[in-house]
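Reproduced below: data_19.csv, with CSV, C-alpha atoms.
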```csv
chain,number,residue,atom,x,y,z
A,24,MET,CA,-25.7,133.4,196.0
A,25,LEU,CA,-24.2,132.8,192.6
A,26,GLU,CA,-27.3,134.3,191.1
A,27,LYS,CA,-26.7,137.4,193.2
A,28,PHE,CA,-23.1,137.5,192.1
A,29,LYS,CA,-24.3,137.6,188.6
A,30,SER,CA,-26.9,140.4,189.3
A,31,PHE,CA,-24.0,142.4,190.7
A,32,ALA,CA,-22.5,142.2,187.2
A,33,TYR,CA,-19.3,140.9,188.8
A,34,GLU,CA,-17.0,139.0,186.6
A,35,PRO,CA,-14.7,136.2,187.7
A,36,PHE,CA,-11.2,137.2,187.2
A,37,PRO,CA,-8.9,134.2,186.8
A,38,THR,CA,-5.2,135.0,186.6
A,39,THR,CA,-1.9,133.4,187.4
A,40,ARG,CA,0.0,135.0,190.3
A,41,ALA,CA,2.4,136.6,187.8
A,42,GLN,CA,-0.4,138.0,185.7
A,43,PHE,CA,-2.1,139.3,188.8
A,44,ASN,CA,1.0,141.1,190.1
A,45,GLN,CA,1.4,142.6,186.7
A,46,PHE,CA,-2.2,143.7,186.7
A,47,ILE,CA,-1.7,145.4,190.1
A,48,GLN,CA,1.2,147.3,188.7
A,49,SER,CA,-0.6,148.5,185.7
A,50,GLU,CA,-3.6,149.5,188.0
A,51,SER,CA,-1.2,151.4,190.2
A,52,GLN,CA,0.2,153.2,187.2
A,53,ARG,CA,-3.3,154.1,186.0
A,54,PHE,CA,-4.5,155.3,189.4
A,55,GLY,CA,-1.2,157.2,190.0
A,56,ASP,CA,-1.6,159.1,186.7
A,57,VAL,CA,-5.1,160.2,187.6
A,58,ILE,CA,-4.1,161.2,191.1
A,59,ARG,CA,-1.2,163.3,189.8
A,60,LYS,CA,-3.3,164.8,187.0
A,61,ALA,CA,-6.2,165.7,189.2
A,62,ASN,CA,-3.8,166.7,192.0
A,63,VAL,CA,-5.7,164.7,194.6
A,64,THR,CA,-4.0,164.4,198.0
A,65,LEU,CA,-4.9,163.1,201.4
A,66,ASP,CA,-3.4,163.6,204.8
B,17,MET,CA,7.8,102.6,225.1
B,18,THR,CA,8.0,100.5,222.0
B,19,ASN,CA,8.9,101.3,218.4
B,20,ARG,CA,6.3,98.9,217.0
B,21,ALA,CA,2.9,100.1,215.9
B,22,THR,CA,0.1,98.3,217.5
B,23,PRO,CA,-2.8,97.2,215.3
B,24,ALA,CA,-5.0,99.7,217.0
B,25,THR,CA,-2.9,102.7,215.8
B,26,ALA,CA,-1.9,101.4,212.4
B,27,ALA,CA,-4.7,103.5,210.9
B,28,ALA,CA,-3.7,106.8,212.5
B,29,PRO,CA,-4.8,109.6,210.2
B,30,ALA,CA,-2.3,111.3,208.0
B,31,ALA,CA,-3.1,114.6,209.8
B,32,SER,CA,-1.4,113.4,212.9
B,33,ALA,CA,1.9,112.9,211.0
B,34,ALA,CA,1.8,116.5,209.9
B,35,ALA,CA,1.0,117.6,213.3
B,36,ILE,CA,4.0,115.8,214.7
B,37,ALA,CA,6.2,117.5,212.2
B,38,ARG,CA,5.1,120.8,213.6
B,39,ARG,CA,5.2,120.0,217.2
B,40,GLY,CA,8.7,118.7,217.0
B,41,LEU,CA,10.7,116.1,218.8
B,42,LEU,CA,9.2,116.5,222.2
B,43,ALA,CA,5.7,115.7,221.0
B,44,LEU,CA,7.2,113.0,218.7
B,45,ALA,CA,8.7,111.2,221.7
B,46,ALA,CA,5.4,111.3,223.5
B,47,THR,CA,3.5,109.8,220.6
B,48,ALA,CA,6.2,107.7,219.1
B,49,ALA,CA,4.7,104.5,220.3
B,50,CYS,CA,1.6,104.9,218.2
B,51,ALA,CA,2.7,107.0,215.3
B,52,LEU,CA,6.2,106.1,214.4
B,53,PRO,CA,5.3,104.2,211.2
B,54,LEU,CA,4.0,107.5,209.8
B,55,VAL,CA,7.0,109.6,210.6
B,56,SER,CA,8.7,108.9,207.3
B,57,GLN,CA,5.9,110.8,205.5
B,58,ALA,CA,5.7,113.6,208.0
B,59,GLN,CA,6.3,116.5,205.5
B,60,PRO,CA,4.2,119.6,205.9
B,61,ALA,CA,1.4,118.1,204.0
B,62,PRO,CA,-0.9,120.7,202.3
B,63,ALA,CA,-3.8,118.3,202.8
B,64,ALA,CA,-3.5,118.9,206.6
B,65,TRP,CA,-3.6,122.7,206.4
B,66,PRO,CA,-5.5,124.4,207.9
B,67,THR,CA,-5.7,122.7,211.3
B,68,LYS,CA,-7.7,125.5,212.9
B,69,PRO,CA,-10.5,127.9,212.1
B,70,VAL,CA,-9.8,130.5,209.4
B,71,ARG,CA,-10.8,134.1,209.4
B,72,ILE,CA,-11.3,136.3,206.4
B,73,ILE,CA,-11.0,140.0,207.5
B,74,THR,CA,-12.7,142.5,205.3
B,75,PRO,CA,-12.9,146.3,205.3
B,76,PHE,CA,-16.4,146.1,203.8
B,77,PRO,CA,-19.5,146.3,206.0
B,78,VAL,CA,-22.1,143.5,206.3
B,79,GLY,CA,-24.3,143.4,203.2
B,80,GLY,CA,-23.5,144.7,199.8
B,81,GLY,CA,-21.5,143.2,197.0
B,82,PRO,CA,-17.9,142.7,198.4
B,83,ASP,CA,-19.3,141.2,201.7
B,84,GLY,CA,-21.5,138.8,199.7
B,85,VAL,CA,-18.5,137.6,197.8
B,86,ALA,CA,-16.4,137.1,200.9
B,87,ARG,CA,-19.2,135.0,202.4
B,88,LEU,CA,-19.4,132.9,199.3
B,89,VAL,CA,-15.7,132.3,199.5
B,90,ALA,CA,-15.9,131.5,203.2
B,91,ASP,CA,-18.6,129.0,202.7
B,92,ARG,CA,-16.7,127.3,199.9
B,93,LEU,CA,-13.5,127.1,201.9
B,94,SER,CA,-15.2,125.8,205.0
B,95,ARG,CA,-16.7,122.9,203.0
B,96,ALA,CA,-13.3,122.2,201.3
B,97,TRP,CA,-11.3,122.3,204.4
B,98,GLY,CA,-13.6,121.0,207.1
B,99,GLN,CA,-12.8,124.0,209.3
B,100,PRO,CA,-15.0,126.9,210.2
B,101,VAL,CA,-14.2,129.9,208.0
B,102,THR,CA,-15.7,133.2,209.2
B,103,VAL,CA,-15.9,136.6,207.7
B,104,ASP,CA,-14.8,139.4,210.1
B,105,ASN,CA,-16.1,142.7,208.9
B,106,ARG,CA,-14.0,145.7,210.1
B,107,PRO,CA,-15.3,148.6,208.0
B,108,GLY,CA,-14.2,152.2,208.3
B,109,GLY,CA,-11.1,154.3,208.3
B,110,ASN,CA,-10.2,153.7,204.6
B,111,GLY,CA,-9.9,150.0,205.4
B,112,PHE,CA,-7.0,150.7,207.8
B,113,ILE,CA,-8.9,149.1,210.7
B,114,ALA,CA,-9.2,145.8,208.8
B,115,ILE,CA,-5.6,146.1,207.7
B,116,ASP,CA,-4.5,146.6,211.3
B,117,ALA,CA,-6.4,143.6,212.4
B,118,PHE,CA,-4.8,141.6,209.7
B,119,LYS,CA,-1.3,142.7,210.6
B,120,ARG,CA,-1.9,141.7,214.2
B,121,GLY,CA,-3.4,138.4,213.2
B,122,ALA,CA,-2.0,134.9,212.6
B,123,LYS,CA,0.9,134.7,210.2
B,124,ASP,CA,0.3,131.1,209.0
B,125,GLY,CA,-2.4,132.0,206.5
B,126,THR,CA,-5.4,131.3,208.8
B,127,ASP,CA,-6.0,135.1,208.9
B,128,MET,CA,-6.6,136.3,205.4
B,129,ILE,CA,-7.8,139.7,204.3
B,130,VAL,CA,-9.9,141.0,201.5
B,131,LEU,CA,-8.4,144.1,199.9
B,132,ASP,CA,-10.0,146.6,197.7
B,133,ASN,CA,-8.2,147.7,194.6
B,134,VAL,CA,-7.5,151.1,196.1
B,135,HIS,CA,-5.5,149.6,198.9
B,136,LEU,CA,-3.0,148.1,196.6
B,137,ALA,CA,-3.1,150.4,193.6
B,138,ALA,CA,-4.3,153.9,194.6
B,139,TYR,CA,-3.5,154.6,198.2
B,140,PRO,CA,0.3,154.3,197.7
B,141,SER,CA,0.0,157.3,195.3
B,142,LEU,CA,-2.6,159.1,197.4
B,143,PHE,CA,-1.2,159.0,201.0
B,144,LYS,CA,2.2,160.4,201.9
B,145,LYS,CA,2.2,158.1,204.9
B,146,LEU,CA,0.3,154.8,204.9
B,147,PRO,CA,-0.2,152.6,207.9
B,148,TYR,CA,0.9,149.6,205.8
B,149,ASP,CA,3.3,148.6,203.2
B,150,PRO,CA,1.5,147.3,200.1
B,151,VAL,CA,4.4,145.1,199.2
B,152,LYS,CA,5.9,144.0,202.6
B,153,ASP,CA,2.6,143.4,204.4
B,154,PHE,CA,0.7,141.5,201.8
B,155,ASP,CA,1.0,138.6,199.4
B,156,PRO,CA,-2.0,139.4,197.1
B,157,LEU,CA,-2.9,135.9,196.3
B,158,LEU,CA,-5.7,136.1,193.9
B,159,PRO,CA,-8.4,138.5,192.7
B,160,LEU,CA,-12.0,137.6,193.7
B,161,PHE,CA,-13.9,139.5,191.1
B,162,LYS,CA,-14.0,142.6,189.0
B,163,GLY,CA,-16.9,144.8,188.5
B,164,TYR,CA,-17.3,147.7,186.1
B,165,PHE,CA,-19.0,150.9,187.2
B,166,PHE,CA,-22.1,152.3,185.6
B,167,PHE,CA,-23.0,156.0,185.0
B,168,THR,CA,-26.1,156.3,187.2
B,169,VAL,CA,-28.6,159.2,186.8
B,170,ALA,CA,-32.1,159.9,188.1
B,171,SER,CA,-34.8,158.0,186.3
B,172,ASP,CA,-36.2,161.4,185.1
B,173,SER,CA,-32.8,162.9,184.3
B,174,PRO,CA,-32.7,164.8,181.0
B,175,TYR,CA,-29.6,162.9,180.0
B,176,ARG,CA,-30.2,160.1,177.5
B,177,SER,CA,-26.6,159.5,176.9
B,178,VAL,CA,-23.1,160.2,178.3
B,179,GLY,CA,-22.8,162.6,175.3
B,180,ASP,CA,-25.7,164.6,176.8
B,181,LEU,CA,-23.9,164.8,180.2
B,182,ILE,CA,-20.7,165.9,178.6
B,183,ALA,CA,-22.5,168.6,176.6
B,184,ASP,CA,-24.2,169.9,179.7
B,185,ALA,CA,-21.0,169.9,181.7
B,186,LYS,CA,-19.2,171.8,178.9
B,187,ALA,CA,-22.1,174.4,178.8
B,188,HIS,CA,-21.9,174.9,182.6
B,189,PRO,CA,-18.3,174.6,183.7
B,190,GLY,CA,-18.0,173.8,187.4
B,191,LYS,CA,-21.7,173.7,187.9
B,192,LEU,CA,-22.5,170.0,187.7
B,193,ASN,CA,-22.1,167.8,190.8
B,194,TYR,CA,-21.2,164.2,191.0
B,195,GLY,CA,-20.8,162.1,194.2
B,196,SER,CA,-18.8,159.4,195.8
B,197,TRP,CA,-18.2,158.2,199.4
B,198,SER,CA,-14.6,159.4,200.0
B,199,VAL,CA,-11.6,161.0,198.5
B,200,GLY,CA,-9.6,158.5,196.5
B,201,ASN,CA,-12.1,155.7,195.9
B,202,PRO,CA,-12.5,154.2,192.4
B,203,VAL,CA,-15.7,156.3,191.8
B,204,HIS,CA,-14.0,159.6,192.8
B,205,LEU,CA,-10.8,158.8,190.8
B,206,GLY,CA,-12.9,157.5,187.9
B,207,SER,CA,-14.9,160.7,187.8
B,208,GLU,CA,-11.7,162.7,187.9
B,209,LEU,CA,-10.4,160.7,185.0
B,210,PHE,CA,-13.7,161.3,183.1
B,211,GLU,CA,-13.3,165.1,183.6
B,212,SER,CA,-9.8,164.9,182.4
B,213,MET,CA,-10.6,162.8,179.3
B,214,THR,CA,-13.6,165.0,178.3
B,215,GLY,CA,-12.1,168.4,179.2
B,216,THR,CA,-14.9,169.2,181.6
B,217,GLN,CA,-14.9,170.5,185.2
B,218,MET,CA,-17.4,169.3,187.8
B,219,GLU,CA,-17.7,169.3,191.6
B,220,HIS,CA,-17.1,166.3,193.7
B,221,VAL,CA,-19.5,165.9,196.6
B,222,VAL,CA,-18.5,163.4,199.4
B,223,TYR,CA,-21.3,161.4,201.0
B,224,LYS,CA,-21.0,159.4,204.2
B,225,GLU,CA,-22.5,156.3,202.8
B,226,THR,CA,-23.5,154.9,199.5
B,227,THR,CA,-27.3,154.7,200.3
B,228,GLN,CA,-27.4,158.5,200.7
B,229,LEU,CA,-25.2,159.0,197.7
B,230,TYR,CA,-27.4,157.1,195.2
B,231,THR,CA,-30.6,158.5,196.8
B,232,SER,CA,-29.2,161.9,196.0
B,233,VAL,CA,-28.7,160.8,192.4
B,234,SER,CA,-32.3,159.5,192.2
B,235,THR,CA,-33.7,162.9,193.5
B,236,GLY,CA,-31.6,164.8,191.0
B,237,ASP,CA,-29.4,166.5,193.6
B,238,LEU,CA,-26.4,165.1,191.8
B,239,ALA,CA,-26.1,165.1,188.0
B,240,PHE,CA,-24.7,161.6,188.2
B,241,ALA,CA,-22.6,159.1,190.1
B,242,LEU,CA,-20.7,156.1,189.1
B,243,GLY,CA,-22.0,153.0,190.8
B,244,THR,CA,-21.8,149.2,190.5
B,245,ALA,CA,-24.8,147.0,189.9
B,246,ALA,CA,-24.3,145.6,193.4
B,247,THR,CA,-24.6,149.0,195.2
B,248,ALA,CA,-26.8,151.0,192.9
B,249,GLY,CA,-28.8,148.1,191.6
B,250,PRO,CA,-31.6,148.2,194.2
B,251,LEU,CA,-32.6,151.8,193.3
B,252,GLN,CA,-32.2,151.0,189.6
B,253,ARG,CA,-34.5,148.0,189.9
B,254,ALA,CA,-37.0,150.2,191.9
B,255,GLY,CA,-37.1,152.5,188.9
B,256,LYS,CA,-35.5,155.4,190.7
B,257,LEU,CA,-32.1,155.3,188.9
B,258,ARG,CA,-31.2,154.8,185.3
B,259,PHE,CA,-28.0,153.2,184.1
B,260,LEU,CA,-26.8,155.5,181.3
B,261,ALA,CA,-23.8,153.5,180.3
B,262,ILE,CA,-21.2,151.1,181.6
B,263,ALA,CA,-17.6,152.2,181.9
B,264,ALA,CA,-16.2,149.0,180.4
B,265,PRO,CA,-14.7,147.9,177.1
B,266,GLN,CA,-17.9,145.9,176.3
B,267,ARG,CA,-21.5,145.6,177.6
B,268,SER,CA,-22.2,143.5,180.7
B,269,ALA,CA,-23.9,140.1,180.1
B,270,SER,CA,-26.1,140.9,183.1
B,271,TYR,CA,-27.1,144.3,181.6
B,272,PRO,CA,-27.1,143.8,177.9
B,273,ASP,CA,-29.3,146.8,177.2
B,274,VAL,CA,-26.9,149.3,178.8
B,275,PRO,CA,-24.5,150.7,176.2
B,276,THR,CA,-20.8,151.2,176.9
B,277,VAL,CA,-19.6,154.8,177.5
B,278,ALA,CA,-18.1,154.9,174.0
B,279,GLU,CA,-21.4,153.8,172.5
B,280,SER,CA,-23.2,156.4,174.5
B,281,GLY,CA,-21.2,159.4,173.2
B,282,GLY,CA,-18.4,159.3,175.8
B,283,PRO,CA,-14.7,158.9,175.4
B,284,LYS,CA,-13.3,155.7,174.0
B,285,GLY,CA,-11.3,153.5,176.4
B,286,PHE,CA,-12.9,155.0,179.5
B,287,GLU,CA,-13.0,152.3,182.1
B,288,VAL,CA,-13.7,152.3,185.8
B,289,ILE,CA,-13.2,149.0,187.6
B,290,GLY,CA,-13.5,147.8,191.1
B,291,TRP,CA,-11.8,144.6,192.2
B,292,ASN,CA,-11.2,142.7,195.4
B,293,ALA,CA,-8.3,140.5,196.1
B,294,ILE,CA,-7.5,137.9,198.9
B,295,ALA,CA,-4.2,138.6,200.5
B,296,VAL,CA,-2.2,136.5,203.0
B,297,PRO,CA,1.0,137.3,204.9
B,298,PRO,CA,4.1,137.2,202.7
B,299,GLY,CA,6.4,134.2,202.9
B,300,LEU,CA,3.9,131.4,203.3
B,301,PRO,CA,4.9,128.0,201.9
B,302,ALA,CA,3.9,127.5,198.3
B,303,ALA,CA,1.9,124.4,199.3
B,304,VAL,CA,-0.4,126.6,201.4
B,305,THR,CA,-0.8,129.5,199.0
B,306,ASP,CA,-1.4,127.1,196.1
B,307,LYS,CA,-4.0,125.3,198.1
B,308,ILE,CA,-5.8,128.6,199.0
B,309,LYS,CA,-5.8,129.8,195.5
B,310,ARG,CA,-7.0,126.4,194.1
B,311,ASP,CA,-9.8,126.0,196.6
B,312,VAL,CA,-11.1,129.5,196.2
B,313,GLU,CA,-11.1,129.2,192.4
```

What does this structure look like when you write it as structure tokens?
Amino acid sequence: MLEKFKSFAYEPFPTTRAQFNQFIQSESQRFGDVIRKANVTLD
Amino acid sequence: MTNRATPATAAAPAASAAAIARRGLLALAATAACALPLVSQAQPAPAAWPTKPVRIITPFPVGGGPDGVARLVADRLSRAWGQPVTVDNRPGGNGFIAIDAFKRGAKDGTDMIVLDNVHLAAYPSLFKKLPYDPVKDFDPLLPLFKGYFFFTVASDSPYRSVGDLIADAKAHPGKLNYGSWSVGNPVHLGSELFESMTGTQMEHVVYKETTQLYTSVSTGDLAFALGTAATAGPLQRAGKLRFLAIAAPQRSASYPDVPTVAESGGPKGFEVIGWNAIAVPPGLPAAVTDKIKRDVE
């Protein structure tokens, strides 16, 4: 299974909870920018 | 009823003390005869959690990368906790079916959910109305993994680099197709970002499922599609797909021969990442969230 994990090219991703929340925020920002720029909407 | 422990119950397991704390005074009275000596330590002991089977709800179907990781985690937690930990696949509906099951589930942390990055980071910008609140409904406890996406092309594609692809897209504005499996997934949004960073215009084709999508790349129906090694890997290993480049800051240790997008004539800093996180209901005791986080890691 771990071998499979590696073949997926997945990387472990250790963070503290504060770092992870910060990461989620920066990801939201990044996605938000693309969505606005590309004018993608749903519903 | 006596307040003295009998020799037979002096070795009552610590778990019963924690159970007493939860069941309250009524239960305490009923079991006082045998368990009173342990009451003084009857704090909600993290060692005693969970006391029932645990479910990991996932929006991903059986098979494939994210499901595999969820099963790996379930197996590890089951060994650590001595409780059955099952993976409950609830695919479809943008993940809303899984999220709904989670919202109706147990609030004590024994129902967890695997979320895709889009649920926390993209959908709030994408949907005017979401059937969940990314902040109020989840405590995103820890990320499970991240995986970068590759530019996949047919094995006989004329493109030898991302630079070739950009040149072709510029020469034929609006003519090249790329694919993904929905509007608003990391592959779609990543491709949109690629267009915007390279000043190109291409068409997005939505496929029902990833097998069809990457098959269409392999037959040349699509100029390219972004894909992970987990999803596109089988066709790549079968020699039907080529990984042109990886949309990451550096090469992958698992695919050292595949250049980064920047090395392959593409824009610098172009990254497309997928990640999954385990979330629990907000407001759980720190002893429980710390324990989950520690035992998964």

*Pairwise distance for CA of Pro66 (chain B) and CA of Thr305 (chain B), rounded to one decimal in Å*: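 Computed distance, CA of Pro66 (chain B) to CA of Thr305 (chain B), equals 11.3 Å.
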
_Spatial neighbours of Arg53 (chain A), max dist 12 Å, only C-alpha atoms, sep filter under 3 positions, as a list in words_ = Phe46, Ile47, Gln48, Ser49, Glu50, Asp56, Val57, Ile58, Arg59 and Lys60 of chain A; Asn133, Val134, Ala137, Ala138, Ser141, Pro202, Leu205, Gly206, Leu209, Phe286, Glu287, Val288 and Ile289 of chain B

Contact table chain A vs chain B, cut-off 6 Å, shortest pair per residue, all atoms listed in the file, as CSV:
```
residue,atom,partner,partner_atom,distance
A:Phe31,CA,B:Ala246,CA,4.2
A:Ala32,CA,B:Ser270,CA,5.6
A:Tyr33,CA,B:Gly163,CA,4.6
A:Glu34,CA,B:Lys162,CA,5.3
A:Pro35,CA,B:Phe161,CA,4.8
A:Phe36,CA,B:Phe161,CA,5.3
A:Glu50,CA,B:Ala137,CA,5.7
A:Ser51,CA,B:Ala137,CA,4.0
A:Phe54,CA,B:Ala138,CA,5.4
A:Gly55,CA,B:Ser141,CA,5.4
A:Val57,CA,B:Leu209,CA,5.9
A:Thr64,CA,B:Leu142,CA,5.5
A:Leu65,CA,B:Phe143,CA,5.5
```

*Please measure the separation of CA of Thr168 (chain B) and CA of Ala263 (chain B), giving the value in Å to one decimal.*
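CA of Ala263 (chain B) lies at a distance of 10.8 Å from CA of Thr168 (chain B).
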
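Going from CA of Arg92 (chain B) to CA of Pro298 (chain B) covers 23.2 Å.
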
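With only C-alpha atoms as the atoms that count, the residue of B:Pro147, B:Ala302, B:Asp311, B:Gly285 with the shortest distance to Arg40 (chain A) is B:Ala302.
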
_My list of candidates is B:Pro100, B:Pro250, B:Pro272, B:Gly195. Which is closest to His220 (chain B) when distances are computed with all atoms listed in the file?_
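Under the stated criterion, the closest residue is B:Gly195.
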
*Neighbour list for Tyr175 (chain B) as a list of chain:residue names, cut-off 10 Å, only C-alpha atoms, skip fewer than 4 positions in-chain*: B:Val169, B:Ala170, B:Ser171, B:Gly179, B:Asp180, B:Leu181, B:Ile182, B:Ala183, B:Asp184, B:Ala239, B:Phe240, B:Arg258, B:Leu260

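Minimum distance to Ala241 (chain B) across B:Arg267, B:Pro275, B:Phe166, B:Ile262 (counting only C-alpha atoms) occurs at B:Phe166.
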
*Spatial neighbours of Lys119 (chain B), max dist 9 Å, all atoms listed in the file, sep filter under 3 positions, as a PyMOL selection string*: chain B and resi 114-116+122-123+148+153+297

Reconstruct region 48-62 of chain A at the level of N, CA and C atoms, and format the result as a short mmCIF file (atom, residue, chain, number, x, y, z; two decimals), in the coordinates of the input.
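Saved the output as result_19.cif:
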```cif
data_model
loop_
_atom_site.label_atom_id
_atom_site.label_comp_id
_atom_site.auth_asym_id
_atom_site.auth_seq_id
_atom_site.Cartn_x
_atom_site.Cartn_y
_atom_site.Cartn_z
N GLN A 48 0.30 146.19 189.13
CA GLN A 48 1.20 147.30 188.70
C GLN A 48 0.64 148.21 187.72
N SER A 49 -0.08 147.63 186.74
CA SER A 49 -0.60 148.50 185.70
C SER A 49 -1.78 149.35 186.31
N GLU A 50 -2.52 148.78 187.26
CA GLU A 50 -3.60 149.50 188.00
C GLU A 50 -2.96 150.67 188.78
N SER A 51 -1.85 150.37 189.44
CA SER A 51 -1.20 151.40 190.20
C SER A 51 -0.74 152.56 189.37
N GLN A 52 -0.22 152.22 188.20
CA GLN A 52 0.20 153.20 187.20
C GLN A 52 -0.98 154.09 186.81
N ARG A 53 -2.09 153.41 186.50
CA ARG A 53 -3.30 154.10 186.00
C ARG A 53 -3.84 155.04 187.11
N PHE A 54 -3.97 154.52 188.33
CA PHE A 54 -4.50 155.30 189.40
C PHE A 54 -3.47 156.49 189.71
N GLY A 55 -2.18 156.16 189.69
CA GLY A 55 -1.20 157.20 190.00
C GLY A 55 -1.26 158.34 188.99
N ASP A 56 -1.47 158.02 187.72
CA ASP A 56 -1.60 159.10 186.70
C ASP A 56 -2.78 159.99 186.98
N VAL A 57 -3.93 159.37 187.29
CA VAL A 57 -5.10 160.20 187.60
C VAL A 57 -4.90 161.05 188.79
N ILE A 58 -4.32 160.46 189.83
CA ILE A 58 -4.10 161.20 191.10
C ILE A 58 -3.19 162.38 190.86
N ARG A 59 -2.14 162.18 190.08
CA ARG A 59 -1.20 163.30 189.80
C ARG A 59 -1.89 164.36 188.95
N LYS A 60 -2.60 163.90 187.91
CA LYS A 60 -3.30 164.80 187.00
C LYS A 60 -4.29 165.67 187.72
N ALA A 61 -5.09 165.00 188.56
CA ALA A 61 -6.20 165.70 189.20
C ALA A 61 -5.68 166.40 190.50
N ASN A 62 -4.41 166.13 190.83
CA ASN A 62 -3.80 166.70 192.00
C ASN A 62 -4.62 166.40 193.27
#
```
